[in-house]
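What follows is the content of start-v5.pdb, which has PDB, C-alpha atoms, pLDDT in the B column:
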```pdb
ATOM      1  CA  LEU C   1    -110.697  89.250  65.468  1.00 81.00           C
ATOM      2  CA  MET C   2    -108.799  86.755  63.285  1.00 84.00           C
ATOM      3  CA  SER C   3    -111.766  84.520  62.508  1.00 84.00           C
ATOM      4  CA  PRO C   4    -111.664  83.372  58.876  1.00 80.00           C
ATOM      5  CA  ASN C   5    -115.415  83.986  58.578  1.00 81.00           C
ATOM      6  CA  SER C   6    -116.254  86.314  55.697  1.00 84.00           C
ATOM      7  CA  ASN C   7    -112.608  86.393  54.617  1.00 82.00           C
ATOM      8  CA  PHE C   8    -111.350  87.963  57.879  1.00 86.00           C
ATOM      9  CA  ALA C   9    -113.947  90.763  57.640  1.00 87.00           C
ATOM     10  CA  ASN C  10    -113.512  91.867  61.285  1.00 90.00           C
ATOM     11  CA  TYR C  11    -109.721  92.091  60.911  1.00 89.00           C
ATOM     12  CA  ARG C  12    -109.973  94.001  57.629  1.00 88.00           C
ATOM     13  CA  ARG C  13    -112.448  96.485  59.104  1.00 90.00           C
ATOM     14  CA  LEU C  14    -110.215  97.122  62.130  1.00 91.00           C
ATOM     15  CA  LEU C  15    -107.065  97.441  59.988  1.00 88.00           C
ATOM     16  CA  ARG C  16    -108.641 100.179  57.852  1.00 87.00           C
ATOM     17  CA  ARG C  17    -109.487 102.189  61.006  1.00 90.00           C
ATOM     18  CA  THR C  18    -106.068 101.711  62.666  1.00 87.00           C
ATOM     19  CA  THR C  19    -103.869 104.796  62.792  1.00 82.00           C
ATOM     20  CA  GLY C  20    -101.267 103.939  65.416  1.00 76.00           C
ATOM     21  CA  PRO C  21     -98.468 101.400  65.495  1.00 79.00           C
ATOM     22  CA  CYS C  22     -99.516  98.168  63.874  1.00 84.00           C
ATOM     23  CA  ILE C  23     -97.881  95.089  62.403  1.00 86.00           C
ATOM     24  CA  PRO C  24    -100.411  93.892  59.817  1.00 89.00           C
ATOM     25  CA  TYR C  25    -100.911  90.250  58.904  1.00 90.00           C
ATOM     26  CA  VAL C  26     -99.105  89.923  55.566  1.00 91.00           C
ATOM     27  CA  GLY C  27    -100.984  86.738  54.672  1.00 90.00           C
ATOM     28  CA  SER C  28    -104.168  88.692  54.008  1.00 89.00           C
ATOM     29  CA  LEU C  29    -102.288  91.104  51.713  1.00 90.00           C
ATOM     30  CA  LEU C  30    -100.764  88.245  49.733  1.00 93.00           C
ATOM     31  CA  THR C  31    -104.143  86.513  49.471  1.00 91.00           C
ATOM     32  CA  ASP C  32    -105.804  89.692  48.213  1.00 91.00           C
ATOM     33  CA  LEU C  33    -103.034  90.411  45.698  1.00 94.00           C
ATOM     34  CA  THR C  34    -103.235  86.844  44.379  1.00 95.00           C
ATOM     35  CA  PHE C  35    -107.003  87.069  44.085  1.00 93.00           C
ATOM     36  CA  LEU C  36    -106.827  90.379  42.200  1.00 94.00           C
ATOM     37  CA  ASP C  37    -104.185  89.044  39.841  1.00 94.00           C
ATOM     38  CA  GLU C  38    -106.174  85.928  39.027  1.00 95.00           C
ATOM     39  CA  ALA C  39    -109.685  87.379  39.057  1.00 94.00           C
ATOM     40  CA  MET C  40    -109.190  90.594  37.105  1.00 94.00           C
ATOM     41  CA  PRO C  41    -107.739  90.726  33.592  1.00 92.00           C
ATOM     42  CA  LYS C  42    -104.685  92.847  32.833  1.00 92.00           C
ATOM     43  CA  TYR C  43    -106.349  94.205  29.723  1.00 91.00           C
ATOM     44  CA  LEU C  44    -109.934  95.094  28.917  1.00 88.00           C
ATOM     45  CA  ASP C  45    -111.823  93.398  26.141  1.00 83.00           C
ATOM     46  CA  ASP C  46    -112.728  96.299  23.911  1.00 73.00           C
ATOM     47  CA  PRO C  47    -113.825  95.692  20.334  1.00 70.00           C
ATOM     48  CA  ALA C  48    -112.482  99.119  19.372  1.00 73.00           C
ATOM     49  CA  SER C  49    -108.907  98.240  20.377  1.00 72.00           C
ATOM     50  CA  SER C  50    -106.577  96.090  18.356  1.00 75.00           C
ATOM     51  CA  PRO C  51    -104.686  93.078  19.811  1.00 75.00           C
ATOM     52  CA  SER C  52    -101.414  94.927  19.271  1.00 78.00           C
ATOM     53  CA  ASP C  53    -102.694  97.945  21.237  1.00 83.00           C
ATOM     54  CA  PRO C  54    -104.696  96.572  24.213  1.00 86.00           C
ATOM     55  CA  ILE C  55    -106.417  98.755  26.807  1.00 90.00           C
ATOM     56  CA  ILE C  56    -104.927  98.397  30.284  1.00 92.00           C
ATOM     57  CA  ASN C  57    -107.382  97.566  33.065  1.00 93.00           C
ATOM     58  CA  PHE C  58    -106.594 100.537  35.318  1.00 96.00           C
ATOM     59  CA  HIS C  59    -109.308  99.534  37.794  1.00 96.00           C
ATOM     60  CA  LYS C  60    -107.297  96.385  38.619  1.00 96.00           C
ATOM     61  CA  TYR C  61    -104.114  98.334  39.259  1.00 97.00           C
ATOM     62  CA  GLN C  62    -105.933 100.959  41.336  1.00 97.00           C
ATOM     63  CA  LYS C  63    -107.135  98.147  43.611  1.00 96.00           C
ATOM     64  CA  VAL C  64    -103.600  96.714  43.829  1.00 96.00           C
ATOM     65  CA  HIS C  65    -102.274 100.176  44.708  1.00 97.00           C
ATOM     66  CA  ALA C  66    -104.909 100.642  47.428  1.00 94.00           C
ATOM     67  CA  LEU C  67    -103.933  97.327  49.044  1.00 92.00           C
ATOM     68  CA  ILE C  68    -100.223  98.041  48.986  1.00 93.00           C
ATOM     69  CA  ASP C  69    -100.797 101.595  50.210  1.00 93.00           C
ATOM     70  CA  LEU C  70    -102.819 100.318  53.177  1.00 88.00           C
ATOM     71  CA  PHE C  71     -99.863  98.202  54.309  1.00 88.00           C
ATOM     72  CA  ALA C  72     -97.228 100.798  53.416  1.00 89.00           C
ATOM     73  CA  GLN C  73     -98.835 103.395  55.692  1.00 88.00           C
ATOM     74  CA  PHE C  74     -97.685 101.362  58.691  1.00 85.00           C
ATOM     75  CA  GLN C  75     -94.062 101.448  57.482  1.00 84.00           C
ATOM     76  CA  ALA C  76     -94.163 105.226  57.086  1.00 84.00           C
ATOM     77  CA  GLN C  77     -94.863 105.820  60.783  1.00 80.00           C
ATOM     78  CA  GLN C  78     -92.210 106.322  63.428  1.00 81.00           C
ATOM     79  CA  TYR C  79     -92.245 103.623  66.090  1.00 80.00           C
ATOM     80  CA  ASN C  80     -90.681 104.669  69.384  1.00 84.00           C
ATOM     81  CA  PHE C  81     -89.897 101.308  70.911  1.00 83.00           C
ATOM     82  CA  GLN C  82     -87.678 101.261  73.974  1.00 88.00           C
ATOM     83  CA  PRO C  83     -85.028  98.532  74.083  1.00 88.00           C
ATOM     84  CA  ILE C  84     -85.500  95.843  76.699  1.00 90.00           C
ATOM     85  CA  GLU C  85     -82.061  94.741  77.847  1.00 89.00           C
ATOM     86  CA  SER C  86     -83.102  91.202  78.826  1.00 90.00           C
ATOM     87  CA  VAL C  87     -84.460  90.647  75.318  1.00 89.00           C
ATOM     88  CA  GLN C  88     -81.479  92.273  73.606  1.00 83.00           C
ATOM     89  CA  ALA C  89     -78.967  89.897  75.210  1.00 69.00           C
TER      90      ALA C  89
END
```

What would the structure in this file look like if it were written as structure tokens?
Amino acid sequence: LMSPNSNFANYRRLLRRTTGPCIPYVGSLLTDLTFLDEAMPKYLDDPASSPSDPIINFHKYQKVHALIDLFAQFQAQQYNFQPIESVQA
């Protein structure tokens, strides 16, 4: 599942299908956010816009939102864990 082949493709596929309790691997989120930040420009190169009024690259920020939303869905769920006394001590 956590093989680094194809950028953790098996893990990513399973994570998108998961609906129950899950603690996602934050390293993949941070890697993806870093990649998006470095690979996609904040502003679009548009000859019709002036340097003082750039056009925001909304596609980049939609992708960032989708990544964060994927991880946030696991925080929004109620987890009904039962305390284990031997671990609590």

Check your understanding: Counting all atoms listed in the file, what is within 12 Å of Gln78 of chain C, bar same-chain residues fewer than 2 positions away, as a VMD selection string?
Key -> chain C and resid 19 to 22 73 to 76 80 to 81

**Study point:** Interatomic distance (Å, one decimal) between atom CA of Leu33 of chain C and atom CA of Val64 of chain C
**Key:** 6.6 Å

Exercise for review: Just give me the gap between atom CA of Asn57 of chain C and atom CA of Leu44 of chain C in Å, one decimal is fine.
Suggested key: 5.5 Å

Review point. Residues at most 12 Å from Tyr61 of chain C, counting all atoms listed in the file, excluding those fewer than 2 positions away in the same chain, as JSON, numbers by chain?
Key: {"C": [33, 36, 37, 40, 41, 42, 43, 56, 57, 58, 59, 63, 64, 65, 66, 67, 68, 69]}

Just the selected residues (C-alpha atoms), exported as a JSON list (two decimals), keeping the file's coordinate frame, please.
```json
[["chain", "number", "residue", "atom", "x", "y", "z"],
["C", 33, "LEU", "CA", -103.03, 90.41, 45.70],
["C", 36, "LEU", "CA", -106.83, 90.38, 42.20],
["C", 37, "ASP", "CA", -104.18, 89.04, 39.84],
["C", 40, "MET", "CA", -109.19, 90.59, 37.10],
["C", 41, "PRO", "CA", -107.74, 90.73, 33.59],
["C", 42, "LYS", "CA", -104.68, 92.85, 32.83],
["C", 43, "TYR", "CA", -106.35, 94.20, 29.72],
["C", 56, "ILE", "CA", -104.93, 98.40, 30.28],
["C", 57, "ASN", "CA", -107.38, 97.57, 33.06],
["C", 58, "PHE", "CA", -106.59, 100.54, 35.32],
["C", 59, "HIS", "CA", -109.31, 99.53, 37.79],
["C", 63, "LYS", "CA", -107.14, 98.15, 43.61],
["C", 64, "VAL", "CA", -103.60, 96.71, 43.83],
["C", 65, "HIS", "CA", -102.27, 100.18, 44.71],
["C", 66, "ALA", "CA", -104.91, 100.64, 47.43],
["C", 67, "LEU", "CA", -103.93, 97.33, 49.04],
["C", 68, "ILE", "CA", -100.22, 98.04, 48.99],
["C", 69, "ASP", "CA", -100.80, 101.60, 50.21]]
```

Study note, to complete from the structure: Counting all atoms listed in the file, the residue among C:Gln77, C:Ser86, C:Gln62, C:Asn7 that lies closest to Ser28 of chain C is C:Asn7

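With atom CA of Pro4 of chain C on one side and atom CA of Thr31 of chain C on the other, the separation reads 12.4 Å.
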